[in-house]
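Colleague: To start, I am sharing the structure in question, which I have written as structure tokens.
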Amino acid sequence: MHSKSKSLSQLALQKFKKNLWGVLSFWFIVACTFTAIFAYVLAPDNSENANQMHLAIHSKPPGFKVQMLEIPKQNQKEKAWLDQIFFGKKYTPTQIPIESYQFLEKELKVFPYTGQDKKGLPKVYTLSETFKGYTQKEIKEDLIFSKTFLFGTDKYGRDLLSRMLIGIRVSLSIGFVAVFISLVIGIGLGALAGYFGGKIDAAIMWLINVTWSIPTLLLVIAITLALGKGFWQVFIAVGLTMWVEVARVVRGQVMGVKKLQFVTAAKALGYSNSRIITKHILPNIMAPLIVISAANFAAAILIESGLSFLGIGAQPPMPSWGAMIKDHYSYIILGKAYLAVVPGLAIMSMVMAFMLIGNALRDAFDVKS
């Protein structure tokens, strides 16, 4: 009999699988990622940014149901089907909440939804113009239907569920891009400082200390205002403020690893400094980087939510969980707290999932346990 030796990564994976909360968080993030990619397929409102407004049914509670009349678009060239799947439809039929309708000889008479006991003023549509190519039976069966808003509607009458689903994209993408930027800058500067030391180390540490002394949110706001408001500007701003901690961790790890025998042997063989750093040192310090990346992912989501709340994050009509809280925080005292609580719980769930994964990875890579 012989026993197969297992690598440290395999042992760490086995330990991670035994962590219930880490595994559950992992699959939760996988589900969120899948939802973010196919958000427009899953969302009831598949228009761009889920921005169909129905002011007559604004701020309705979860499970609200209303009858809708759909006015078909005439001769509108739509985007390719692949673009529609990932970015939504550019031209969507106009939907009008109604209380009742009546077919006349050549017209359709509808009473718009008012939410009150009294009926609103009726509106008349000419069948041959508005519903060209549709018979009365087709209009009744295809264009008049009941619609349920599972999460209710926001203050503009938009489907809150659709906005929440598409808003996942902002939170996840800000995390991925910001962590990527912070890793590129942090690993590069940290490795240079830890490996070469001396004046290079002193200069990089001075830059790290200066950057760290500035409050993170204030620095992000300053960078955002310098680059301008927008989706990609927030990514860059958050990434440029999160590299400091990565650089300090990498510097400390490199300073310890470069004294080991295999690095001395690589130098004796005449390998270049760049090869020693990339091929020998960095692969041996990946464990703490994975852990810190998970924590930075959660921090990036919180920072983006704060920026959106302040109005300098993702700009309307792009859905963002932080912007949703900003739009509806006053509703907490008006008896419709769910409008702000739902996106708040989503942010909390996403951040907690990444923090639990970070804790699970820390335990898995701990050689002493």
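We label chains A, B, ... in the order they appear in the structure tokens, count residues from 1 in each chain, and number ligands from 1 in the order shown.
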Please identify all polymer residues within 12 Å of range 79-93 of chain A, counting only C-alpha atoms, omitting same-chain residues fewer than 5 positions from it, and present them as a VMD selection string.

Modeller: chain A and resid 34 to 53 68 to 74 130 to 131 143 162 166 169 318

Colleague: So that I can check the surroundings of Phe26 in chain A, please list as a VMD selection string every protein, DNA and RNA residue that reaches within 9 Å of it, counting only C-alpha atoms and ignoring chain neighbours fewer than 5 positions away.

Modeller: chain A and resid 21 31 353 to 354 356 to 357

Colleague: Emit the selected residues as a PDB file, in the first residue's frame, including all heavy atoms.

Modeller:
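In the end it all went to out-v2.pdb:
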ATOM      1  N   TRP A  21     -20.375  27.428   6.269  1.00  0.00           N
ATOM      2  CA  TRP A  21     -20.723  28.801   5.890  1.00  0.00           C
ATOM      3  C   TRP A  21     -19.898  29.274   4.700  1.00  0.00           C
ATOM      4  O   TRP A  21     -20.383  30.030   3.856  1.00  0.00           O
ATOM      5  CB  TRP A  21     -20.528  29.733   7.078  1.00  0.00           C
ATOM      6  CG  TRP A  21     -21.541  29.504   8.148  1.00  0.00           C
ATOM      7  CD1 TRP A  21     -21.328  28.950   9.369  1.00  0.00           C
ATOM      8  CD2 TRP A  21     -22.945  29.789   8.074  1.00  0.00           C
ATOM      9  NE1 TRP A  21     -22.502  28.874  10.081  1.00  0.00           N
ATOM     10  CE2 TRP A  21     -23.513  29.392   9.313  1.00  0.00           C
ATOM     11  CE3 TRP A  21     -23.766  30.332   7.099  1.00  0.00           C
ATOM     12  CZ2 TRP A  21     -24.865  29.529   9.581  1.00  0.00           C
ATOM     13  CZ3 TRP A  21     -25.124  30.477   7.362  1.00  0.00           C
ATOM     14  CH2 TRP A  21     -25.658  30.074   8.592  1.00  0.00           C
ATOM     15  N   ALA A  31     -24.473  31.949  -7.524  1.00  0.00           N
ATOM     16  CA  ALA A  31     -25.843  32.229  -7.954  1.00  0.00           C
ATOM     17  C   ALA A  31     -26.016  33.711  -8.305  1.00  0.00           C
ATOM     18  O   ALA A  31     -26.680  34.055  -9.294  1.00  0.00           O
ATOM     19  CB  ALA A  31     -26.831  31.829  -6.855  1.00  0.00           C
ATOM     20  N   ALA A 353     -21.352  37.404   2.605  1.00  0.00           N
ATOM     21  CA  ALA A 353     -20.908  36.217   1.871  1.00  0.00           C
ATOM     22  C   ALA A 353     -19.412  36.285   1.589  1.00  0.00           C
ATOM     23  O   ALA A 353     -18.686  35.296   1.783  1.00  0.00           O
ATOM     24  CB  ALA A 353     -21.700  36.081   0.568  1.00  0.00           C
ATOM     25  N   PHE A 354     -18.929  37.436   1.143  1.00  0.00           N
ATOM     26  CA  PHE A 354     -17.502  37.564   0.858  1.00  0.00           C
ATOM     27  C   PHE A 354     -16.671  37.526   2.143  1.00  0.00           C
ATOM     28  O   PHE A 354     -15.560  36.967   2.147  1.00  0.00           O
ATOM     29  CB  PHE A 354     -17.224  38.853   0.085  1.00  0.00           C
ATOM     30  CG  PHE A 354     -17.485  38.719  -1.387  1.00  0.00           C
ATOM     31  CD1 PHE A 354     -18.625  39.256  -1.955  1.00  0.00           C
ATOM     32  CD2 PHE A 354     -16.595  38.043  -2.206  1.00  0.00           C
ATOM     33  CE1 PHE A 354     -18.874  39.123  -3.303  1.00  0.00           C
ATOM     34  CE2 PHE A 354     -16.833  37.902  -3.557  1.00  0.00           C
ATOM     35  CZ  PHE A 354     -17.979  38.451  -4.111  1.00  0.00           C
ATOM     36  N   LEU A 356     -17.447  35.826   4.860  1.00  0.00           N
ATOM     37  CA  LEU A 356     -17.434  34.433   5.301  1.00  0.00           C
ATOM     38  C   LEU A 356     -16.492  33.595   4.454  1.00  0.00           C
ATOM     39  O   LEU A 356     -15.801  32.704   4.961  1.00  0.00           O
ATOM     40  CB  LEU A 356     -18.853  33.859   5.246  1.00  0.00           C
ATOM     41  CG  LEU A 356     -19.831  34.384   6.303  1.00  0.00           C
ATOM     42  CD1 LEU A 356     -21.238  33.855   6.035  1.00  0.00           C
ATOM     43  CD2 LEU A 356     -19.376  33.993   7.705  1.00  0.00           C
ATOM     44  N   ILE A 357     -16.444  33.885   3.152  1.00  0.00           N
ATOM     45  CA  ILE A 357     -15.496  33.178   2.288  1.00  0.00           C
ATOM     46  C   ILE A 357     -14.064  33.522   2.690  1.00  0.00           C
ATOM     47  O   ILE A 357     -13.176  32.655   2.722  1.00  0.00           O
ATOM     48  CB  ILE A 357     -15.748  33.522   0.805  1.00  0.00           C
ATOM     49  CG1 ILE A 357     -16.934  32.729   0.291  1.00  0.00           C
ATOM     50  CG2 ILE A 357     -14.522  33.235  -0.044  1.00  0.00           C
ATOM     51  CD1 ILE A 357     -17.191  32.887  -1.180  1.00  0.00           C
TER      52      ILE A 357
END

Colleague: Mind checking DSSP for range 19-214 of chain A and telling me the alpha helix (DSSP H) residues as JSON, numbers by chain?

Modeller: {"A": [20, 21, 22, 23, 24, 25, 26, 27, 28, 29, 30, 31, 32, 33, 34, 35, 36, 37, 39, 40, 41, 42, 81, 82, 83, 84, 85, 86, 87, 127, 128, 129, 130, 136, 137, 138, 160, 161, 162, 163, 164, 165, 166, 167, 168, 169, 170, 171, 172, 173, 174, 175, 176, 177, 178, 179, 180, 181, 182, 183, 184, 185, 186, 187, 188, 189, 190, 191, 192, 193, 194, 195, 196, 198, 199, 200, 201, 202, 203, 204, 205, 206, 207, 208, 209, 210, 211, 212, 213]}

Colleague: Considering only C-alpha atoms, return as a list in words whatever protein or nucleic-acid residues lie within 8 Å of range 344-350 of chain A, sequence-local ones (same chain, fewer than 2 positions apart) excluded.

Modeller: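 Residues near the query, excluding close chain neighbours: Ile29, Ala298, Ile301, Leu302, Ser305, Trp321, Gly322, Ile325, Ala340, Val341, Val342, Met352, Ala353 and Phe354 of chain A.
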
Colleague: When you draw a straight line from CA of Ser7 in chain A to CA of Ala360 in chain A, how long is it in Å?

Modeller: 18.4 Å

Colleague: Grab the CA of Ala237 in chain A to CA of Ala178 in chain A distance for me, in Å with one decimal place.

Modeller: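 CA of Ala178 in chain A lies at a distance of 8.1 Å from CA of Ala237 in chain A.
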
Colleague: Can you list, as a PyMOL selection string, every protein, DNA or RNA residue that comes within 12 Å of range 149-158 of chain A when you count only C-alpha atoms, leaving out same-chain residues fewer than 5 positions away?

Modeller: chain A and resi 43-47+49-68+95-97+163-165+317+319+323-331+336-343

Colleague: Write out as an MDAnalysis selection string which residues come within 12 Å of Leu307 in chain A when counting only C-alpha atoms, dropping same-chain ones fewer than 3 positions away.

Modeller: chainID A and resid 171 174 216:225 229:231 233:235 237:238 300:304 310:315 320:326

Colleague: Return as a tab-separated table the residues of range 152-249 of chain A lying at most 10 Å from range 260-273 of chain A, together with the closest atom-to-atom pair for each and the distance in Å to one decimal, counting only C-alpha atoms, with rows in chain order and ascending residue number.

Modeller:
residue	atom	partner	partner_atom	distance
A:Leu192	CA	A:Asn273	CA	9.9
A:Tyr195	CA	A:Asn273	CA	8.8
A:Phe196	CA	A:Asn273	CA	9.3

Colleague: Could you write out that same residue set with N, CA, C and O atoms as an mmCIF file, in the first residue's frame?

Modeller:
data_model
loop_
_atom_site.group_PDB
_atom_site.id
_atom_site.type_symbol
_atom_site.label_atom_id
_atom_site.label_comp_id
_atom_site.auth_asym_id
_atom_site.auth_seq_id
_atom_site.Cartn_x
_atom_site.Cartn_y
_atom_site.Cartn_z
ATOM 1 N N LEU A 192 8.303 44.880 -5.315
ATOM 2 C CA LEU A 192 9.514 45.684 -5.522
ATOM 3 C C LEU A 192 10.096 46.155 -4.189
ATOM 4 O O LEU A 192 11.311 46.080 -3.961
ATOM 5 N N TYR A 195 11.468 43.026 -2.119
ATOM 6 C CA TYR A 195 12.588 42.290 -2.706
ATOM 7 C C TYR A 195 13.873 43.130 -2.737
ATOM 8 O O TYR A 195 14.945 42.654 -2.367
ATOM 9 N N PHE A 196 13.768 44.376 -3.182
ATOM 10 C CA PHE A 196 14.969 45.193 -3.352
ATOM 11 C C PHE A 196 15.345 45.955 -2.086
ATOM 12 O O PHE A 196 16.537 46.174 -1.818
#

Colleague: Expressed in Å to a single decimal, how great is the separation between CA of Phe297 in chain A and CA of Lys15 in chain A?

Modeller: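 Between these atoms lies a distance of 22.1 Å.
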
Colleague: Nearest residue to Ile292 in chain A out of A:Lys132, A:Arg362, A:Arg275, A:Lys258, using only C-alpha atoms?

Modeller: A:Arg362

Colleague: Using DSSP on the backbone coordinates, identify the residues of range 118-222 of chain A assigned to strand (DSSP E); present them as a VMD selection string.

Modeller: chain A and resid 123 to 126 144 to 149

Colleague: Find the residue from A:Ala203, A:Ile187, A:Cys32, A:Ala295 that sits nearest to Pro283 in chain A; use only C-alpha atoms when measuring.

Modeller: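 The shortest atom-to-atom distance to Pro283 in chain A comes from A:Ile187.
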
Colleague: With distances taken over only C-alpha atoms, which of A:Leu361, A:Val351, A:Ile236, A:Val170 is nearest to Met286 in chain A?

Modeller: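 Among the listed residues, the smallest separation from Met286 in chain A belongs to A:Leu361.
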
Colleague: May I have the residues within 12 Å of Leu183 in chain A as a list in words, using only C-alpha atoms and disregarding those fewer than 5 positions away in the same chain?

Modeller: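 The filter keeps Gly175, Phe176, Val177, Ala178, Gly188, Leu189, Gly190, Ala191, Gly239, Leu240, Thr241, Met242, Trp243, Val244, Glu245, Val246, Ala247, Arg248, Val249, Val250, Met286, Leu289, Ile290, Ile292, Ser293, Ala294, Asn296 and Phe297 of chain A.
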
Colleague: Which residue, A:Gly228, A:Pro316, A:Pro215, A:Gly167, has the smallest gap to Thr33 in chain A when you use only C-alpha atoms?

Modeller: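 With only C-alpha atoms as the atom set, the closest residue is A:Gly167.
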